[in-house]
Amino acid sequence: MKKTVIAALLLTTIALCGNTTQGQSVADLERTVSQTLHEEGMKHGMLAVCVYNVSTGKEIYSRNAEMSVTPASVQKLLTTGVGFARLGSDFRFTTKLAVRGNVDRDGVLHGNIYLTGGGDPLLGSYRYRQTTADSLFESWAMALKKKGIRRVDGRVCYNVSVFDEQPLHDSWQWGDIGNYYAAGVSGLNFHENMYFVYFNAGKKIGYPATAVRTVPKNLDIHGSCEVTTAGENTGDQVTIYGSPTGKERLYRGTVPLGKTDFAVRGAMPNPARSCADLFSSYLRTHGIGVSSNSMQVYSTPDSLRQVVDYRSTPYYTIAQYTNLTSNNIYAESIFKYLGFARYGIGSFENGSRVIMDYMKDKGIATGGVRVIDGSGLSRLNSITASFMCRYLAAMSKEPFYNEFLQSIAKVGENGTAKNLLPTLPRGISVHVKTGTMDGVKAYAGYVKATNGQTLAFTIVSNGHDCSPQEAAAKLNKILYKIATLY
């Protein structure tokens with residue numbers, strides 16, 4: 001009997017000590033947050049923090065957690081997570097190649113080739129050998145030849161109606177548009193809707209640089225170069241200006257001294273038209289003549305004969321790349337396709353509706369939340385730290401959670417989180433999606449604690465007037481306290 005009482009007292013003491021340790025840790029986190037709020041560069045802005053114990057279903061810390069804040073690329077967690085829920089891990093975007101018309105005994109197609117886009121963000125991507133434009137066009141050309149087609153008395157027609165014709169959101173900043181990361185999306189994406197322009201630096205600092213070539217070749221782009229030469233190791237400081245459909249591009253900024261063939265990425269004008277034009281050119285130089293220029297069509301004609309259903313890599317791979325590299329084009333393609341799959345047209349409005357529908361279905365309150373786009377480029381997006389934690393908690397209960405988790409960079413291993421924190425104590429893992437724009441720094445993700453419990457966290461700073469690097473250093477201190485709460 002005495003042994004039983006002593007054992008019970010011992011267990012109670014351990015439990016109390018554990019609670020005291022946790023309480024001291026939360027108090028330590030509060031001190032760090034309070035100090036950060038009063039530091040130079042931060043004291044005039046907003047700092048929102050929330051920590052939610054997914055394992056127990058309880059919020060364990062919050063500061064300004066119900067205030068609306070701009071999330072930047074943390075927004076991608078909403079897009080990719082709901083994509084898993086509504087499209088499925090094995091979903092594939094499909095691009096259709098078809099023909100209409102008769103093929104005579106000489107192999108002449110008296111009609112047109114039809115390209116119908118399915119929103120695939122990887123179509124013609126340079127990142128993987130199997131998705132490059134040459135690999136893509138070669139496979140399509142071979143499929144046409146197998147149908148006996150040697151010449152086309154017609155044209156390549158392209159249909160982008162899976163999405164609306166608003167590639168950019170109205171609220172995106174002019175300084176972003178024209179650059180690769182704000183290229184927007186099309187129903188027929190191509191080469192990630194971007195191109196490379198290569199510069200040769202001048203012989204001295206301050207001297208003009210020269211734009212020497214673009215890739216892919218034969219793009220209908222007219223560039224005006226105002227780029228100059230900066231010091232060595234200054235990196236890519238070039239901004240590209242231009243509308244999503246216009247051919248003109250203005251290059252401003254600097255490239256480093258001593259560099260030749262220095263690559264800068266820009267937004268491709270009218271990627272769907274570029275895809276059709278370059279495919280036509282490829283056919284002409286690879287044994288299939290095409291008599292007329294490419295043309296956009298707005299509906300699918302009758303009597304099409306399907307040649308190829310080109311399917312993308314599975315969704316989980318695309319979602320992983322979206323989050324690990326914070327790719328805006330991939331995120332917006334997922335976002336608009338969600339709208340198409342549910343409401344019949346891929347638009348910013350319908351993508352937003354699908355995200356909010358998911359929150360309603362899961363009983364997640366959305367006060368203070370606005371979903372404007374899928375990537376976080378819009379400053380009109382808003383979340384609360386509390387909302388994001390509750391959303392992440394809901395994700396952790398989904399059957400696809402492990403795949404969603406693997407799409408988020410792991411501290412010390414990959415993506416934007418690789419060098420985010422100092423070495424963590426053994427047994428702790430942190431997955432974090434970061435977001436950055438002028439005056440915005442945001443973190444959200446999961447901590448696997450030493451006691452086996454999972455925490456969801458959100459840290460967002462808005463309106464700070466320190467550099468992005470300084471803001472990151474301040475948020476890193478908070479994140480470390482969260483990671484070591486248990």
# chains A, B, ... in the order shown; residues from 1 in each chain; ligands from 1
>>> residues_around(residues="Thr384 of chain A", least_positions_apart="3", cutoff="8 Å", atoms="only C-alpha atoms", output="ChimeraX atom specification")
/A:48,65-69,368-369,387-388
>>> residues_around(residues="Asp220 of chain A", least_positions_apart="3", cutoff="9 Å", atoms="only C-alpha atoms", output="ChimeraX atom specification")
/A:247-248,269,274
>>> write_last_selection(atoms="N, CA and C atoms", output="PDB file, in the first residue's frame")
ATOM      1  N   LYS A 247       4.680  42.598 -76.564  1.00  0.00           N
ATOM      2  CA  LYS A 247       5.971  42.073 -77.002  1.00  0.00           C
ATOM      3  C   LYS A 247       7.143  42.862 -76.424  1.00  0.00           C
ATOM      4  N   GLU A 248       6.877  44.096 -75.985  1.00  0.00           N
ATOM      5  CA  GLU A 248       7.961  44.962 -75.525  1.00  0.00           C
ATOM      6  C   GLU A 248       8.344  44.644 -74.085  1.00  0.00           C
ATOM      7  N   PRO A 269       5.738  36.784 -72.745  1.00  0.00           N
ATOM      8  CA  PRO A 269       4.473  37.338 -73.222  1.00  0.00           C
ATOM      9  C   PRO A 269       3.617  36.273 -73.893  1.00  0.00           C
ATOM     10  N   SER A 274       2.938  31.615 -77.616  1.00  0.00           N
ATOM     11  CA  SER A 274       4.336  31.230 -77.803  1.00  0.00           C
ATOM     12  C   SER A 274       4.459  29.722 -77.971  1.00  0.00           C
TER      13      SER A 274
END
>>> atom_distance(atom1="atom CA of Gly351 of chain A", atom2="atom CA of Ile459 of chain A")
25.0 Å
>>> select_by_dssp(residues="segment 44-285 of chain A", states="helix (DSSP H, G or I)", output="count of residues only")
52
>>> closest_residue(among="A:Phe404, A:Val430, A:Asn462, A:Leu47", to="Val33 of chain A", atoms="only C-alpha atoms")
A:Leu47
>>> residues_around(residues="Leu405 of chain A", least_positions_apart="3", cutoff="10 Å", atoms="only C-alpha atoms", output="CSV table (one decimal) with N, CA and C atoms, in the first residue's frame")
chain,number,residue,atom,x,y,z
A,81,GLY,N,-2.6,22.7,-49.8
A,81,GLY,CA,-3.3,21.8,-49.0
A,81,GLY,C,-4.7,21.5,-49.5
A,320,GLN,N,4.8,19.6,-54.0
A,320,GLN,CA,6.1,19.6,-53.3
A,320,GLN,C,7.0,20.7,-53.9
A,392,LEU,N,-3.8,24.4,-40.3
A,392,LEU,CA,-2.8,23.4,-40.3
A,392,LEU,C,-3.1,22.2,-39.4
A,395,MET,N,-5.3,20.1,-41.5
A,395,MET,CA,-4.5,19.4,-42.5
A,395,MET,C,-3.9,18.1,-41.8
A,396,SER,N,-3.5,18.3,-40.6
A,396,SER,CA,-2.8,17.1,-39.9
A,396,SER,C,-3.7,15.9,-39.7
A,400,PHE,N,-3.9,12.6,-46.4
A,400,PHE,CA,-2.7,13.0,-47.2
A,400,PHE,C,-1.7,13.9,-46.4
A,401,TYR,N,-1.8,13.9,-45.1
A,401,TYR,CA,-1.0,14.8,-44.3
A,401,TYR,C,0.5,14.6,-44.5
A,402,ASN,N,0.9,13.4,-44.6
A,402,ASN,CA,2.4,13.1,-44.7
A,402,ASN,C,2.9,13.7,-46.0
A,408,ILE,N,6.6,20.8,-47.4
A,408,ILE,CA,7.1,21.9,-46.6
A,408,ILE,C,8.5,21.7,-46.2
A,409,ALA,N,9.3,22.7,-46.5
A,409,ALA,CA,10.8,22.6,-46.3
A,409,ALA,C,11.1,22.3,-44.8
A,410,LYS,N,12.0,21.4,-44.6
A,410,LYS,CA,12.4,21.0,-43.3
A,410,LYS,C,13.7,21.7,-42.9
A,431,HIS,N,9.2,21.8,-39.8
A,431,HIS,CA,8.8,22.1,-41.2
A,431,HIS,C,8.2,23.5,-41.3
A,432,VAL,N,8.7,24.3,-42.2
A,432,VAL,CA,8.3,25.7,-42.2
A,432,VAL,C,8.2,26.2,-43.6
A,445,GLY,N,4.0,26.5,-40.1
A,445,GLY,CA,4.3,25.1,-40.3
A,445,GLY,C,4.1,24.3,-39.1
A,446,TYR,N,5.0,23.2,-38.9
A,446,TYR,CA,4.8,22.2,-37.9
A,446,TYR,C,6.1,22.0,-37.1
>>> residues_around(residues="Thr434 of chain A", least_positions_apart="4", cutoff="6 Å", atoms="only C-alpha atoms", output="NGL selection string")
:A and (74 or 442-443)
>>> closest_residue(among="A:Ile177, A:Leu29, A:Leu338, A:Ala365", to="Gly88 of chain A", atoms="only C-alpha atoms")
A:Leu338
>>> residues_around(residues="Ser347 of chain A", least_positions_apart="2", cutoff="9 Å", atoms="only C-alpha atoms", output="PyMOL selection string")
chain A and resi 163-167+335-340+345+349-352
>>> residues_around(residues="Gly258 of chain A", least_positions_apart="2", cutoff="7 Å", atoms="only C-alpha atoms", output="MDAnalysis selection string")
chainID A and resid 201 232 256 260
>>> atom_distance(atom1="atom CA of Leu123 of chain A", atom2="atom CA of Ala276 of chain A")
12.3 Å
